[in-house]
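A.B. asks: To start, I am sharing the structure in question, which I have written as structure tokens.
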Amino acid sequence: MLRYTVKRLGSLLASLVVASLVIFACIEVVPGDPASFMLGINAQPDTVAALREELGLNRAPHERYIAWVGGLMTGDFGTSYTYRSPVSEIVVERLAISLPLAIYALSLTILVAFPVGILAATRRGSLTDISVMATTQLGIAIPNFWFALLMVLIFAVNLRWFSAGGFPGWDEGIPAAIKALTLPAIALALPQASILARVMRSSLLDTLSEDYIRTARAKGLTGRQALRRHALRNALIPVLTIIGLQFSFLLAGAIIIENVFFLPGLGRLVFQAISQRDLIVVESVVMLLVFAVIIVNFLVDLAYAWVDPRLRSRA
Amino acid sequence: MIKIQQSATAFALLALTAGGAWAAKADVTIGMQLEPPHLDPTSAAAGAIDQALYSNVFEGLTRFGPDGSVGPGLAESWEISADGTMYTFNLREGVKFHDGTDFEATDVVFSLDRARAEDSANAQKALFSGIKSVEAIDPTTVVVTLNAPQGNFLFNMAWGDAVIVAPESIDDIKSNPVGTGAFKFSEWKRGDSITIERNADYWGAAPALEQATFKYISEPTAAFSAMMAGDIDAFYSYPAPENLVQFEADPRFTVLAGNTEGETILAINNKMEPFGDVRVRKAVSMAIDRQAIIDGAMFGYGTPIGTHFAPHHPDYVDLTGNAPHDPEGAKALLAEAGYPDGFETTLKLPPPSYARRGGEIIAAQLRDVGIEAEISNLEWAQWLEQVFRGYDYGLTIVSHTEPMDIGIYARPTYYFQYDNPEFQALITALSVENDPATRTEMLQEAQRIISEDYVNGFLFQLALTSVVDARLDGIWPDAPTQAVDLTGVSWTE
């Protein structure tokens, strides 16, 4: 297990270095000057020049790269050009929404997908199975922003059970915050749950037809016992892979849903930062997301080994 | 110029409204599209900063009224020397900053000196360029000496970029603005909302509202839902004109349709061939059907203009007749200029919907006279780079939102590159003219010159449409400057 872990850690570090170079290079070639953007078109050239100097935009690219990476390593993400406050502070504020939202949506996804997937697999070909397949097909097909708008119309505009959007902040109490995240989490979870349920079903169908299940049944286990002890555990590997991908996606890819519900999350931060040419924020947040994705994949790799001991010895 | 801007109710307040506490309601939640990048109005171009803080939190020596007139602010009165170069401001007594310190003449000296300093980050530094010196005579008297007489100095001092800030609060101003206004800054939930509350020590009439929250909602559909769900009491400058009919029909809401200072123009690169020829520029202007653009792109909101001047201004001259919609006449002019088969050019559009929607219509209208305008959609940052600084464009559409900005036509390097010495001389003379009647004459002459030179295609004055709870009173229908002044806002029930 140790060798396996060390090997994974090595590839993790290599990915981070490559990612930082790619991100920095991409940002370098983006046209548009942050200083002139901030000052608008009535500003005098000397004002713009003064601001460029203040923001450190006049330094050579390699100097800025080294300063940036050096800062990242010591936890200093730099200062946002537009907001003029530390990037780390802004990111933490945004994570206070994006992270709980991603976890909330993923929990809903798993809570729905597991039972549904298992049910469909164990009753293959039945009416239940067919309706699960049809519903999940629909869940994948429906654009989630449209579904979100529909929910807003029903639950906020007509029934007034929820606010149309916004986030009160955690200091207003956990129930209020959870409530504000509920519609967005459902909107995010719908397609993910549909995908995961289908993966769960097909993966379980594969393992259920394996010889070892027949053996388990032959040695006297009931269908349910065989499912729990043997089939499920083996079916989990592809499911875990998907969950890992989904979590990364939910963390960074909720931008459309964040816009529909005007939630100040990470996705919207990056989006705004790009259009405002707040390059330092873009760089740092994208790097952070890369880091998160890599960490999640690393954890998923470890989880494989946990559910499947064969992987440990192979490594 | 264009203000480039970036992008929750206090939920406790929502609970209040739900509780049916109408009689005691003294808070308001106003939806807005663009969030300020930071809270210092004196060091950024973002109009969103002024919208939230101008007059509410920060005040200047003079201030704009709802109709755009300039009245006393922190200066109670002033005397102007006979030669027009010395302004003696008598400041109000007993004014305190929100941090409890006294407002004094030295604060005025600090603020104006900071704005005009060499390393100043003021986006409107030109407003202060005519100042020679600022001196505090005693705690309530400031003398500003100008290099030359300046006809619109009091007007300049009313801008959000010229508000008075306290030296001791300047380090934190971007996150904790301290002013002298009727409201003090309370909280900024970044990405979500800004809350201000009544300043108990205000020198003037106390506002009716105890608390106000600006909630930032950038998506038009979300703005609609939030308004309909009652999450917000008003949406200032409502972003989706297509929904306005629905709000108008709903007795719960009032739609305010007012004016802005935004002259929306089809800017022409005067130095790029074939636009150097005035006949070509005139042909472009005549190809345009202004009303069709207003109806098609702005859902009928907007006033046609024939020059770069706000139609609600008393000195405005209606020059729309200089370029009536006449495709045949435009073709004839193009033929005369040597382009009987038209020509190709570029039409570069920044993000606002007036530009994107208007651009499609204008491209079609130009095609009718033989001009093929290739549309490209740009982000603001790209637009600044390519169009504004790079002069790399044929045509573009922009709303110039600064009040009284006809002077930009006197800058030959400004992005449309109009270079007319006669006009430049007129603007120079205007800037030192103090006599109101002569000023009016000169302003009207300036309007005529650029209209008859067909510098740009003058389209329409951008309208301001806000959706407001029918019981809410006192929101300014017009935007003489970028401000959502809440000092006079109250609930009628």
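All residue names refer to the structure tokens as shown: chains lettered A, B, ... in order, residues numbered from 1 in each chain, ligands numbered from 1 in order.
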Quick one: residues within 8 Å of Met38 in chain A, only C-alpha atoms counted, chain neighbours fewer than 5 positions away excluded, as a list in words?

C.D. replies: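 The filter keeps Thr82 and Gln276 of chain A; Ile4, Ala44, Ala45 and Ala46 of chain B.
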
A.B. asks: Considering only C-alpha atoms, give me a table of residues in chain B that are at most 6 Å from chain A, with the closest atom pair and distance in Å for each, as a Markdown table.

C.D. replies:
| residue | atom | partner | partner_atom | distance |
| --- | --- | --- | --- | --- |
| B:Ile4 | CA | A:Gly40 | CA | 5.8 |
| B:Ala8 | CA | A:Gly166 | CA | 5.4 |
| B:Phe11 | CA | A:Pro168 | CA | 5.8 |
| B:Pro37 | CA | A:Tyr83 | CA | 4.9 |
| B:His38 | CA | A:Tyr83 | CA | 5.3 |
| B:Ala44 | CA | A:Leu39 | CA | 5.3 |
| B:Ala45 | CA | A:Leu39 | CA | 4.8 |
| B:Ala121 | CA | A:Thr47 | CA | 5.7 |
| B:Ala123 | CA | A:Ala43 | CA | 4.8 |
| B:Gln124 | CA | A:Ala43 | CA | 5.8 |
| B:Gly191 | CA | A:Pro264 | CA | 4.7 |
| B:Ile217 | CA | A:Phe262 | CA | 5.7 |
| B:Ala222 | CA | A:Val260 | CA | 5.5 |
| B:Ser225 | CA | A:Ala164 | CA | 5.8 |
| B:Ala226 | CA | A:Ala164 | CA | 5.1 |
| B:Met228 | CA | A:Val157 | CA | 5.6 |
| B:Ala229 | CA | A:Val157 | CA | 4.3 |
| B:Ala381 | CA | A:Gly32 | CA | 4.8 |
| B:Gln382 | CA | A:Gly32 | CA | 5.3 |
| B:Glu385 | CA | A:Gly32 | CA | 5.6 |

A.B. asks: Within 12 Å of Arg356 in chain B, counting only C-alpha atoms, which residues show up once you throw out same-chain ones fewer than 2 positions away? Write them as a VMD selection string, please.

C.D. replies: chain B and resid 266 293 296 to 298 347 to 354 358 to 363 375 to 379 396 to 398

A.B. asks: Mind the document's chain letters and residue numbers, and return as a ChimeraX atom specification the residues of range 424-464 of chain B that DSSP labels strand (DSSP E).

C.D. replies: /B:457-464

A.B. asks: I'd like the neighbourhood of range 105-110 of chain B as an MDAnalysis selection string, where a residue qualifies if any of its atoms comes within 10 Å (using only C-alpha atoms), though same-chain residues fewer than 5 positions away should be ignored.

C.D. replies: chainID B and resid 60:61 74:75 89:92 115 133:144 162:168

A.B. asks: Within 7 Å of Lys282 in chain B, counting only C-alpha atoms, which residues show up once you throw out same-chain ones fewer than 4 positions away? Write them as number ranges by chain, please.

C.D. replies: B: 278, 286, 454

A.B. asks: Out of range 46-216 of chain B, which residues get helix (DSSP H, G or I) from DSSP, as a ChimeraX atom specification?

C.D. replies: /B:47-53,105-116,125-128,153-156,160-162,167-172

A.B. asks: Would you please work out which residue, of A:Val307, A:Ile154, A:Ala121, A:Val270, is nearest to Leu208 in chain A when using only C-alpha atoms?

C.D. replies: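 Checking each of A:Val307, A:Ile154, A:Ala121, A:Val270 against Leu208 in chain A, counting only C-alpha atoms, the winner is A:Ala121.
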
A.B. asks: Neighbouring residues of Asp83 in chain B were defined as those with any atom within 10 Å, considering only C-alpha atoms; residues of the same chain fewer than 6 positions away were excluded. Please report them as a PyMOL selection string.

C.D. replies: chain B and resi 148-149+434

A.B. asks: Find the residues near Phe247 in chain B: any atom within 10 Å, counting only C-alpha atoms, skip ones fewer than 5 places away on the same chain, and give them as a ChimeraX atom specification.

C.D. replies: /B:224,227-228,242,252-255,467-469
